[in-house]
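For reference, target-v4.cif (mmCIF, C-alpha atoms):
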```
data_run
#
loop_
_atom_site.label_atom_id
_atom_site.label_comp_id
_atom_site.auth_asym_id
_atom_site.auth_seq_id
_atom_site.Cartn_x
_atom_site.Cartn_y
_atom_site.Cartn_z
CA MET A 241 137.14 -2.27 30.32
CA THR A 242 136.14 0.11 27.54
CA VAL A 243 136.19 -1.54 24.12
CA SER A 244 137.07 0.53 21.06
CA MET A 245 134.97 -0.25 18.00
CA LEU A 246 134.84 0.53 14.30
CA ILE A 247 131.50 -0.26 12.64
CA ASP A 248 130.87 -0.88 8.94
CA CYS A 249 127.13 -0.63 8.31
CA ASP A 250 124.23 0.07 5.95
CA PRO A 251 121.61 1.99 7.99
CA GLY A 252 118.87 0.48 7.87
CA ILE A 253 116.52 0.23 10.82
CA ASP A 254 118.47 -2.38 12.74
CA ASP A 255 121.79 -0.63 12.04
CA ALA A 256 120.27 2.55 13.49
CA LEU A 257 119.18 0.68 16.61
CA ALA A 258 122.65 -0.86 16.88
CA LEU A 259 124.26 2.59 16.64
CA ALA A 260 121.89 3.83 19.34
CA LEU A 261 122.99 0.93 21.54
CA ALA A 262 126.63 1.83 20.95
CA ALA A 263 125.91 5.48 21.73
CA GLY A 264 124.27 4.57 25.03
CA SER A 265 126.99 2.16 26.12
CA SER A 266 130.57 2.45 27.30
CA LEU A 267 131.93 1.59 23.84
CA ASP A 268 134.55 3.89 22.35
CA LEU A 269 133.26 4.33 18.80
CA ARG A 270 136.16 5.33 16.53
CA GLY A 271 134.44 5.44 13.17
CA ILE A 272 131.40 4.60 11.06
CA THR A 273 131.91 3.37 7.51
CA THR A 274 129.01 2.87 5.14
CA VAL A 275 128.18 0.43 2.37
CA GLY A 276 125.26 0.03 0.01
CA GLY A 277 122.86 -2.62 1.28
CA ASN A 278 119.52 -2.08 2.96
CA VAL A 279 119.21 0.99 0.75
CA GLY A 280 121.64 2.67 -1.63
CA LEU A 281 124.95 4.11 -0.49
CA ASP A 282 123.72 7.70 -0.74
CA LEU A 283 120.94 6.91 1.74
CA THR A 284 122.96 4.68 4.09
CA THR A 285 125.55 7.46 4.31
CA ALA A 286 122.95 10.20 4.80
CA ASN A 287 121.34 8.09 7.52
CA ALA A 288 124.69 7.50 9.24
CA LEU A 289 125.37 11.24 9.22
CA ALA A 290 121.91 12.03 10.60
CA LEU A 291 122.27 9.35 13.27
CA ARG A 292 125.68 10.65 14.32
CA GLU A 293 124.13 14.02 15.12
CA PHE A 294 120.82 12.76 16.50
CA LEU A 295 122.60 10.28 18.83
CA ASP A 296 125.16 12.92 19.87
CA LEU A 297 128.15 10.87 18.74
CA GLY A 298 130.36 13.93 18.46
CA ASP A 299 133.12 13.95 15.87
CA VAL A 300 133.12 10.23 15.08
CA PRO A 301 134.14 10.07 11.40
CA VAL A 302 131.55 8.85 8.89
CA VAL A 303 133.26 7.55 5.75
CA PRO A 304 131.36 6.23 2.71
CA GLY A 305 132.52 3.10 0.95
CA CYS A 306 131.27 0.77 -1.78
CA SER A 307 127.92 1.28 -3.42
CA GLY A 308 127.49 -2.26 -4.67
CA ALA A 309 128.78 -5.81 -4.71
CA LEU A 310 132.13 -6.88 -6.14
CA VAL A 311 130.74 -8.69 -9.19
CA ARG A 312 126.95 -8.87 -8.89
CA GLY A 313 124.13 -6.50 -9.63
CA PRO A 314 122.59 -4.30 -6.95
CA MET A 315 120.22 -5.54 -4.26
CA ASN A 316 118.47 -3.69 -1.49
CA ALA A 317 115.90 -4.24 1.23
CA ALA A 318 113.89 -1.03 0.87
CA HIS A 319 110.74 -3.15 1.00
CA VAL A 320 111.71 -3.98 4.60
CA HIS A 321 113.33 -0.73 5.76
CA GLY A 322 111.34 1.81 3.75
CA ALA A 323 112.42 3.96 0.84
CA GLY A 324 114.64 6.10 3.05
CA GLY A 325 115.96 3.21 5.13
CA LEU A 326 114.66 4.18 8.58
CA GLY A 327 111.03 3.18 8.29
CA ASP A 328 108.73 5.91 9.52
CA ALA A 329 111.40 7.63 11.61
CA VAL A 330 112.27 11.13 10.39
CA LEU A 331 115.55 12.60 11.64
CA PRO A 332 116.80 16.14 11.08
CA PRO A 333 119.20 16.23 8.13
CA ALA A 334 122.84 16.27 9.10
CA VAL A 335 124.80 19.50 9.18
CA ARG A 336 128.31 18.06 9.25
CA PRO A 337 129.66 16.29 6.15
CA VAL A 338 131.36 12.95 5.63
CA ALA A 339 135.06 12.60 6.31
CA ASP A 340 137.47 12.66 3.39
CA GLY A 341 138.52 9.42 1.75
CA HIS A 342 137.05 5.98 1.19
CA ALA A 343 135.85 3.48 3.78
CA VAL A 344 138.32 0.81 2.65
CA ASP A 345 141.31 3.08 3.25
CA PHE A 346 139.85 4.36 6.52
CA ILE A 347 139.42 0.81 7.83
CA ILE A 348 142.99 -0.07 6.90
CA SER A 349 144.58 3.07 8.34
CA THR A 350 142.55 3.00 11.55
CA LEU A 351 143.45 -0.63 12.26
CA ARG A 352 147.09 -0.06 11.26
CA ASP A 353 147.42 2.88 13.65
CA ASN A 354 145.78 0.97 16.54
CA PRO A 355 147.01 -2.63 16.27
CA GLY A 356 145.26 -5.02 18.63
CA GLU A 357 142.98 -2.32 20.03
CA LEU A 358 139.89 -2.14 17.82
CA THR A 359 136.98 -4.51 17.40
CA LEU A 360 135.72 -4.34 13.82
CA VAL A 361 131.97 -4.89 13.51
CA ALA A 362 130.22 -5.35 10.16
CA THR A 363 126.42 -5.20 10.05
CA GLY A 364 125.93 -4.93 6.29
CA PRO A 365 127.25 -6.56 3.13
CA LEU A 366 130.96 -7.34 3.46
CA THR A 367 132.17 -5.49 0.35
CA ASN A 368 134.25 -2.88 2.19
CA ILE A 369 135.78 -5.52 4.44
CA ALA A 370 136.73 -7.81 1.56
CA LEU A 371 138.41 -4.99 -0.35
CA ALA A 372 140.27 -3.91 2.77
CA VAL A 373 141.55 -7.49 3.22
CA ARG A 374 142.58 -7.66 -0.43
CA LYS A 375 144.37 -4.30 -0.29
CA GLU A 376 146.08 -4.89 3.08
CA PRO A 377 145.99 -8.53 4.25
CA ARG A 378 147.70 -7.60 7.52
CA ILE A 379 144.49 -6.12 8.90
CA VAL A 380 143.52 -9.63 9.98
CA THR A 381 146.36 -9.46 12.52
CA TRP A 382 145.63 -5.87 13.56
CA VAL A 383 142.04 -6.34 14.77
CA ARG A 384 141.23 -7.13 18.39
CA ASP A 385 138.14 -9.03 17.20
CA PHE A 386 136.02 -9.18 14.04
CA VAL A 387 132.26 -9.53 14.50
CA ILE A 388 129.63 -9.72 11.77
CA MET A 389 125.88 -9.80 11.72
CA GLY A 390 125.25 -12.16 8.86
CA GLY A 391 124.67 -15.69 7.75
CA SER A 392 123.08 -18.62 9.52
CA TYR A 393 123.64 -22.32 10.00
CA THR A 394 119.92 -23.13 9.89
CA ARG A 395 118.05 -20.93 7.42
CA GLY A 396 117.94 -17.80 5.28
CA ASN A 397 115.73 -14.74 5.30
CA HIS A 398 116.08 -13.37 1.77
CA ASN A 399 115.78 -16.86 0.34
CA PRO A 400 115.54 -20.26 2.06
CA ALA A 401 119.33 -20.67 2.26
CA ALA A 402 120.87 -17.20 2.56
CA GLU A 403 120.78 -14.23 4.89
CA PHE A 404 120.53 -10.81 3.20
CA ASN A 405 123.95 -9.37 4.09
CA ILE A 406 125.78 -12.42 2.76
CA LEU A 407 123.56 -12.84 -0.30
CA THR A 408 124.02 -9.21 -1.33
CA ASP A 409 127.74 -9.86 -1.93
CA PRO A 410 128.60 -13.54 -1.49
CA GLU A 411 131.98 -13.16 -3.19
CA ALA A 412 132.97 -10.51 -0.65
CA ALA A 413 131.72 -12.75 2.15
CA ALA A 414 133.78 -15.66 0.82
CA ILE A 415 136.92 -13.50 0.77
CA THR A 416 136.20 -12.31 4.28
CA PHE A 417 135.67 -15.75 5.81
CA ASN A 418 138.78 -17.06 4.05
CA ALA A 419 141.05 -14.18 5.10
CA GLY A 420 142.88 -15.94 7.93
CA TRP A 421 141.23 -14.39 10.97
CA THR A 422 138.57 -15.81 13.25
CA VAL A 423 135.15 -14.41 12.38
CA THR A 424 132.58 -14.07 15.15
CA GLN A 425 129.35 -14.74 13.28
CA VAL A 426 126.16 -13.41 14.83
CA GLY A 427 123.62 -14.92 12.46
CA LEU A 428 119.89 -15.39 12.11
CA ASP A 429 120.01 -18.38 14.45
CA VAL A 430 120.31 -15.99 17.40
CA THR A 431 119.12 -12.64 16.05
CA LEU A 432 115.67 -14.03 15.24
CA THR A 433 115.21 -14.68 18.96
CA ALA A 434 115.71 -10.95 19.74
CA ARG A 435 112.20 -9.85 18.88
CA VAL A 436 110.43 -6.67 19.91
CA THR A 437 107.20 -7.81 21.55
CA THR A 438 104.65 -5.47 23.08
CA ARG A 439 106.33 -5.98 26.46
CA VAL A 440 109.67 -4.84 25.03
CA LEU A 441 108.09 -1.99 23.10
CA ASP A 442 106.41 -0.70 26.25
CA ARG A 443 109.84 -0.54 27.92
CA MET A 444 111.02 1.69 25.04
CA ARG A 445 108.20 4.22 25.16
CA ASP A 446 109.51 6.49 27.93
CA LEU A 447 112.77 7.46 26.24
CA GLY A 448 112.14 11.09 25.40
CA ARG A 449 113.56 12.25 22.09
CA LEU A 450 115.14 8.85 21.46
CA SER A 451 111.66 7.35 21.17
CA SER A 452 111.13 9.34 17.97
CA LEU A 453 113.74 7.12 16.35
CA ILE A 454 113.03 3.80 18.01
CA LEU A 455 109.26 3.55 18.02
CA PRO A 456 108.42 4.49 14.41
CA SER A 457 111.33 2.51 12.97
CA VAL A 458 110.65 -0.66 14.97
CA GLN A 459 106.92 -0.61 14.28
CA TYR A 460 107.52 -0.08 10.56
CA TYR A 461 109.74 -3.15 10.46
CA ALA A 462 107.01 -5.67 11.31
CA PRO A 463 103.84 -5.97 13.42
CA VAL A 464 104.44 -6.03 17.17
CA THR A 465 102.33 -8.45 19.21
CA ALA A 466 102.44 -9.95 22.68
CA GLU A 467 104.03 -13.13 21.32
CA SER A 468 106.26 -11.87 18.52
CA GLY A 469 107.55 -8.87 16.58
CA PRO A 470 110.45 -7.62 14.49
CA ALA A 471 113.95 -8.96 15.13
CA ILE A 472 116.54 -6.22 15.47
CA HIS A 473 119.43 -8.25 14.10
CA ASP A 474 122.36 -5.83 14.08
CA ALA A 475 121.95 -4.75 17.70
CA VAL A 476 122.80 -8.29 18.80
CA ALA A 477 126.26 -8.01 17.23
CA VAL A 478 126.95 -4.74 19.06
CA ALA A 479 125.52 -6.17 22.29
CA HIS A 480 128.05 -9.02 22.01
CA VAL A 481 130.89 -6.49 21.90
CA ILE A 482 129.55 -4.82 25.05
CA ASP A 483 128.90 -8.08 26.90
CA PRO A 484 130.45 -11.22 25.36
CA THR A 485 128.63 -13.43 27.89
CA LEU A 486 125.27 -12.83 26.18
CA LEU A 487 126.04 -15.27 23.37
CA THR A 488 127.09 -18.89 23.30
CA LEU A 489 129.76 -19.31 20.62
CA THR A 490 130.63 -22.60 18.96
CA PRO A 491 133.71 -23.06 16.72
CA ALA A 492 133.03 -24.14 13.14
CA GLU A 493 134.39 -23.92 9.64
CA VAL A 494 132.21 -21.61 7.56
CA ARG A 495 132.42 -21.33 3.79
CA VAL A 496 130.19 -19.20 1.58
CA GLU A 497 128.38 -20.70 -1.40
CA THR A 498 128.97 -18.51 -4.47
CA ALA A 499 128.12 -20.87 -7.32
CA GLY A 500 124.91 -22.55 -6.23
CA HIS A 501 121.63 -22.36 -8.11
CA TYR A 502 119.42 -22.60 -5.03
CA ALA A 503 121.90 -21.87 -2.23
CA THR A 504 123.98 -18.87 -3.36
CA GLY A 505 124.95 -16.87 -0.28
CA MET A 506 124.53 -19.77 2.12
CA THR A 507 127.04 -19.89 4.96
CA VAL A 508 127.83 -23.60 4.89
CA THR A 509 128.76 -24.50 8.47
CA ASP A 510 130.76 -27.52 9.61
CA PHE A 511 130.78 -27.84 13.39
CA ASN A 512 132.93 -30.98 13.11
CA SER A 513 135.77 -29.43 11.11
CA PRO A 514 139.29 -29.74 12.53
CA THR A 515 140.10 -26.32 11.04
CA PRO A 516 137.49 -23.86 12.33
CA ASN A 517 137.64 -20.28 11.06
CA THR A 518 134.57 -18.94 12.85
CA GLN A 519 133.00 -18.63 16.26
CA VAL A 520 129.32 -19.16 15.45
CA ALA A 521 126.69 -17.75 17.80
CA THR A 522 124.31 -20.56 18.70
CA HIS A 523 122.34 -19.12 21.64
CA LEU A 524 121.38 -15.68 22.96
CA ASP A 525 120.34 -14.90 26.53
CA VAL A 526 117.33 -12.92 25.36
CA ASP A 527 116.23 -11.51 28.71
CA ARG A 528 119.69 -10.16 29.51
CA PHE A 529 120.00 -8.80 25.98
CA TRP A 530 116.85 -6.70 26.42
CA ASP A 531 117.98 -5.57 29.85
CA LEU A 532 121.21 -4.32 28.28
CA MET A 533 119.33 -2.62 25.46
CA ILE A 534 116.86 -0.83 27.71
CA THR A 535 119.55 0.23 30.19
CA SER A 536 121.75 1.62 27.42
CA TYR A 537 118.84 3.36 25.71
CA GLY A 538 117.76 4.83 29.03
CA GLY A 539 121.19 6.28 29.65
CA LEU A 540 121.31 7.74 26.16
CA ALA A 541 117.80 9.15 26.50
CA GLY A 542 118.88 10.95 29.66
CA ARG A 543 121.62 12.72 27.72
CA LEU A 544 119.50 13.51 24.67
CA GLY A 545 116.50 14.80 26.63
#
```

Please express the file's structure as structure tokens.
Amino acid sequence: MTVSMLIDCDPGIDDALALALAAGSSLDLRGITTVGGNVGLDLTTANALALREFLDLGDVPVVPGCSGALVRGPMNAAHVHGAGGLGDAVLPPAVRPVADGHAVDFIISTLRDNPGELTLVATGPLTNIALAVRKEPRIVTWVRDFVIMGGSYTRGNHNPAAEFNILTDPEAAAITFNAGWTVTQVGLDVTLTARVTTRVLDRMRDLGRLSSLILPSVQYYAPVTAESGPAIHDAVAVAHVIDPTLLTLTPAEVRVETAGHYATGMTVTDFNSPTPNTQVATHLDVDRFWDLMITSYGGLAGRLG
């Protein structure tokens, strides 16, 4: 069955690789909304536009959203993703412009017009999602599923307690987790097992034009060795939408720490709660994940040349 998806993202190397996975799969991508995160909103939007054309995504709308967090100062991860957001990958600038309007309104209207049909995926800070929930609380009943890449029940990556997407706007994350839907959380606990080793990288080399995006962006991210390499976090969330059997999900109650001195942005996870609000990913079938990635990339490469 073809799954229709709306993705809210901040491209970003791993967002770009997630969009490439979507482009090479059977997913029906209905829209791309952007948020400031890995780099500023102007760059995440420019990257989304360039990726839409490079990946041959047709007329999928790209709609910019919020440039920063609800109440906090700006953060970015340019030191990880490069000044432009895509590492050493250089894509042709986009010809076609953004769609009219704001991401928050686009998310609301798209879900309203397709109740029960669309899976909403968020791979960046949750600012757009939180504002959409605040403006139209009924979206929580209109989604088919809501999947995020963010958080962790074991560790952080931007500080010891918090993952970057949640820490960038913890107030938005708190609103989102408390909105009354079930969040599927694909966090660091599983995404850090999806690492590009030399074996994986070698499988990505013979992808024609697509390699000009994948290879320089992945290798910018972190050193690639036989034993380890960069984790491409966001692609795991999209892979789950394509094949839900890749992840083991465990129900839990997740709340976001917004007032802590040392733990701001932590997704505090209670697996023993009688009132779970989240399906937390606790295990990834890594071998099958990479098989899906390489198969999808291979199909896309055949179309792109």

**OP:** Could you expand the PyMOL selection byres ((chain A and resi 306) around 7) into the explicit residues it covers here, written as a count of residues only?
**Re:** 7

**OP:** Show which residues sit within 7 Å of A:Gly325, as a PyMOL selection string. Count only C-alpha atoms, and ignore same-chain residues fewer than 4 positions away.
**Re:** chain A and resi 251-253+278-279+318+321

**OP:** For the structure provided, state which residues fall under the PyMOL selection byres ((chain A and resi 284-286) around 6), and present them as number ranges by chain.
**Re:** A: 250-251, 274, 281-283, 287-289

**OP:** May I ask which of the residues A:Arg435, A:Gln425, A:Leu358, A:Thr408 is the closest one to A:Tyr461, counting only C-alpha atoms?
**Re:** A:Arg435

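A straight line drawn from atom CA of A:Gly264 to atom CA of A:Leu544 is 10.1 Å long.
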
**OP:** Starting from the displayed file, determine the output of the PyMOL selection byres ((chain A and resi 495) around 6) and express the residue list as a PyMOL selection string.
**Re:** chain A and resi 494+496+507-508

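Take the candidates A:Gly448, A:Pro304, A:Gly298, A:Gly500 and check each one against A:Gly341 using all atoms listed in the file; the shortest distance goes to A:Pro304.
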
Show which residues sit within 12 Å of A:Thr490, as a PDB file with C-alpha atoms, keeping the file's coordinate frame. Count only C-alpha atoms, and ignore same-chain residues fewer than 5 positions away.
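out_8.pdb, written as the output of this step:
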```pdb
ATOM      1  CA  TYR A 393     123.640 -22.320  10.000  1.00  0.00           C
ATOM      2  CA  THR A 422     138.570 -15.810  13.250  1.00  0.00           C
ATOM      3  CA  VAL A 423     135.150 -14.410  12.380  1.00  0.00           C
ATOM      4  CA  THR A 424     132.580 -14.070  15.150  1.00  0.00           C
ATOM      5  CA  GLN A 425     129.350 -14.740  13.280  1.00  0.00           C
ATOM      6  CA  VAL A 426     126.160 -13.410  14.830  1.00  0.00           C
ATOM      7  CA  THR A 509     128.760 -24.500   8.470  1.00  0.00           C
ATOM      8  CA  ASP A 510     130.760 -27.520   9.610  1.00  0.00           C
ATOM      9  CA  PHE A 511     130.780 -27.840  13.390  1.00  0.00           C
ATOM     10  CA  ASN A 512     132.930 -30.980  13.110  1.00  0.00           C
ATOM     11  CA  SER A 513     135.770 -29.430  11.110  1.00  0.00           C
ATOM     12  CA  PRO A 516     137.490 -23.860  12.330  1.00  0.00           C
ATOM     13  CA  ASN A 517     137.640 -20.280  11.060  1.00  0.00           C
ATOM     14  CA  THR A 518     134.570 -18.940  12.850  1.00  0.00           C
ATOM     15  CA  GLN A 519     133.000 -18.630  16.260  1.00  0.00           C
ATOM     16  CA  VAL A 520     129.320 -19.160  15.450  1.00  0.00           C
ATOM     17  CA  ALA A 521     126.690 -17.750  17.800  1.00  0.00           C
ATOM     18  CA  THR A 522     124.310 -20.560  18.700  1.00  0.00           C
ATOM     19  CA  HIS A 523     122.340 -19.120  21.640  1.00  0.00           C
TER      20      HIS A 523
END
```

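Minimum atom-to-atom distances from A:Ala541, A:Ala262, A:Leu326, A:Leu371 to A:Val243 were compared using all atoms listed in the file, and the lowest value belongs to A:Ala262.
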
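Atom CA of A:Thr359 sits 6.2 Å away from atom CA of A:Ser244.
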
Original post:
In Å, with one decimal, what is the gap from atom CA of A:Thr381 to atom CA of A:Ala419?
Top reply: 10.3 Å

Subject >> For A:Thr498: contacts at 8 Å, all atoms listed in the file, fewer than 6 positions along chain excluded, given as number ranges by chain >> reply: A: 410-411, 414, 504-505

Write out the residues from the selection above, keeping C-alpha atoms, as a short mmCIF file (atom, residue, chain, number, x, y, z; two decimals), keeping the file's coordinate frame.
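File produced: again17.cif:
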```
data_model
loop_
_atom_site.label_atom_id
_atom_site.label_comp_id
_atom_site.auth_asym_id
_atom_site.auth_seq_id
_atom_site.Cartn_x
_atom_site.Cartn_y
_atom_site.Cartn_z
CA PRO A 410 128.60 -13.54 -1.49
CA GLU A 411 131.98 -13.16 -3.19
CA ALA A 414 133.78 -15.66 0.82
CA THR A 504 123.98 -18.87 -3.36
CA GLY A 505 124.95 -16.87 -0.28
#
```

**OP:** Find, counting all atoms listed in the file, the residue in A:Ala462, A:Leu291, A:Val380, A:Ala413 that gets nearest to A:Leu261.
**Re:** A:Leu291

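Comparing A:Val361, A:Ala290, A:Leu259, A:Met506 by their smallest distance to A:Asn399, the closest is A:Met506 (using all atoms listed in the file).
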
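Restricting the calculation to all atoms listed in the file, the smallest distance between A:Ala309 and any of A:Ala362, A:Ala412, A:Val330, A:Ala401 is found for A:Ala412.
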
Subject >> Radius query 7 Å about (127.9, -11.2, 5.5), atoms used: only C-alpha atoms, as a ChimeraX atom specification >> reply: /A:364-366,388-391,405-406,413

Subject >> Test item: residues at most 9 Å from stretch 529-534 of chain A, all atoms listed in the file, excluding those fewer than 6 positions along its chain, as a PyMOL selection string >> reply: chain A and resi 261+264-265+434+440+443-444+475-476+479-480+482-483+486

Axis-aligned box over every listed atom of stretch 409-424 of chain A, padded by 3 Å per side: centre and edges in Å to one decimal, as AutoDock Vina command-line options?
```
--center_x 135.3 --center_y -13.5 --center_z 6.0 --size_x 21.1 --size_y 13.2 --size_z 24.3
```

Contact residues around A:Val458 with all atoms listed in the file at 12 Å, ignoring same-chain residues under 2 positions, as an mmCIF file with C-alpha atoms, in the coordinates of the input:
```cif
data_model
loop_
_atom_site.group_PDB
_atom_site.id
_atom_site.type_symbol
_atom_site.label_atom_id
_atom_site.label_comp_id
_atom_site.auth_asym_id
_atom_site.auth_seq_id
_atom_site.Cartn_x
_atom_site.Cartn_y
_atom_site.Cartn_z
ATOM 1 C CA GLY A 252 118.870 0.480 7.870
ATOM 2 C CA ILE A 253 116.520 0.230 10.820
ATOM 3 C CA ASP A 254 118.470 -2.380 12.740
ATOM 4 C CA ASP A 255 121.790 -0.630 12.040
ATOM 5 C CA ALA A 256 120.270 2.550 13.490
ATOM 6 C CA LEU A 257 119.180 0.680 16.610
ATOM 7 C CA VAL A 320 111.710 -3.980 4.600
ATOM 8 C CA HIS A 321 113.330 -0.730 5.760
ATOM 9 C CA GLY A 322 111.340 1.810 3.750
ATOM 10 C CA GLY A 325 115.960 3.210 5.130
ATOM 11 C CA LEU A 326 114.660 4.180 8.580
ATOM 12 C CA GLY A 327 111.030 3.180 8.290
ATOM 13 C CA ASP A 328 108.730 5.910 9.520
ATOM 14 C CA ALA A 329 111.400 7.630 11.610
ATOM 15 C CA ARG A 435 112.200 -9.850 18.880
ATOM 16 C CA VAL A 436 110.430 -6.670 19.910
ATOM 17 C CA THR A 437 107.200 -7.810 21.550
ATOM 18 C CA THR A 438 104.650 -5.470 23.080
ATOM 19 C CA VAL A 440 109.670 -4.840 25.030
ATOM 20 C CA LEU A 441 108.090 -1.990 23.100
ATOM 21 C CA MET A 444 111.020 1.690 25.040
ATOM 22 C CA ARG A 445 108.200 4.220 25.160
ATOM 23 C CA SER A 451 111.660 7.350 21.170
ATOM 24 C CA SER A 452 111.130 9.340 17.970
ATOM 25 C CA LEU A 453 113.740 7.120 16.350
ATOM 26 C CA ILE A 454 113.030 3.800 18.010
ATOM 27 C CA LEU A 455 109.260 3.550 18.020
ATOM 28 C CA PRO A 456 108.420 4.490 14.410
ATOM 29 C CA TYR A 460 107.520 -0.080 10.560
ATOM 30 C CA TYR A 461 109.740 -3.150 10.460
ATOM 31 C CA ALA A 462 107.010 -5.670 11.310
ATOM 32 C CA PRO A 463 103.840 -5.970 13.420
ATOM 33 C CA VAL A 464 104.440 -6.030 17.170
ATOM 34 C CA GLY A 469 107.550 -8.870 16.580
ATOM 35 C CA PRO A 470 110.450 -7.620 14.490
ATOM 36 C CA ALA A 471 113.950 -8.960 15.130
ATOM 37 C CA ILE A 472 116.540 -6.220 15.470
ATOM 38 C CA HIS A 473 119.430 -8.250 14.100
#
```

Incomplete stretch 339-345 of chain A filled out to all heavy atoms as a short mmCIF file (atom, residue, chain, number, x, y, z; two decimals), in the frame of the given file:
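Below you can see part03.cif, which holds the result:
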```
data_model
loop_
_atom_site.label_atom_id
_atom_site.label_comp_id
_atom_site.auth_asym_id
_atom_site.auth_seq_id
_atom_site.Cartn_x
_atom_site.Cartn_y
_atom_site.Cartn_z
N ALA A 339 133.61 12.42 6.28
CA ALA A 339 135.06 12.60 6.31
C ALA A 339 135.63 12.35 4.92
O ALA A 339 135.02 11.69 4.07
CB ALA A 339 135.68 11.64 7.32
N ASP A 340 136.80 12.87 4.68
CA ASP A 340 137.47 12.66 3.39
C ASP A 340 137.87 11.18 3.26
O ASP A 340 138.10 10.49 4.25
CB ASP A 340 138.72 13.53 3.29
CG ASP A 340 138.39 15.01 3.20
OD1 ASP A 340 137.26 15.34 2.77
OD2 ASP A 340 139.25 15.84 3.57
N GLY A 341 137.99 10.75 2.01
CA GLY A 341 138.52 9.42 1.75
C GLY A 341 137.45 8.37 1.54
O GLY A 341 136.25 8.67 1.45
N HIS A 342 137.90 7.14 1.46
CA HIS A 342 137.05 5.98 1.19
C HIS A 342 137.08 5.05 2.39
O HIS A 342 138.11 4.91 3.08
CB HIS A 342 137.54 5.25 -0.06
CG HIS A 342 136.59 4.22 -0.58
ND1 HIS A 342 136.49 2.96 -0.04
CD2 HIS A 342 135.70 4.27 -1.60
CE1 HIS A 342 135.59 2.26 -0.71
NE2 HIS A 342 135.09 3.03 -1.66
N ALA A 343 135.96 4.37 2.63
CA ALA A 343 135.85 3.48 3.78
C ALA A 343 136.95 2.43 3.82
O ALA A 343 137.49 2.12 4.89
CB ALA A 343 134.48 2.80 3.76
N VAL A 344 137.30 1.86 2.67
CA VAL A 344 138.32 0.81 2.65
C VAL A 344 139.64 1.33 3.21
O VAL A 344 140.28 0.69 4.05
CB VAL A 344 138.51 0.26 1.22
CG1 VAL A 344 139.73 -0.64 1.13
CG2 VAL A 344 137.26 -0.49 0.78
N ASP A 345 140.05 2.51 2.76
CA ASP A 345 141.31 3.08 3.25
C ASP A 345 141.21 3.50 4.71
O ASP A 345 142.19 3.38 5.47
CB ASP A 345 141.69 4.29 2.38
CG ASP A 345 141.95 3.89 0.94
OD1 ASP A 345 142.64 2.87 0.71
OD2 ASP A 345 141.44 4.58 0.03
#
```
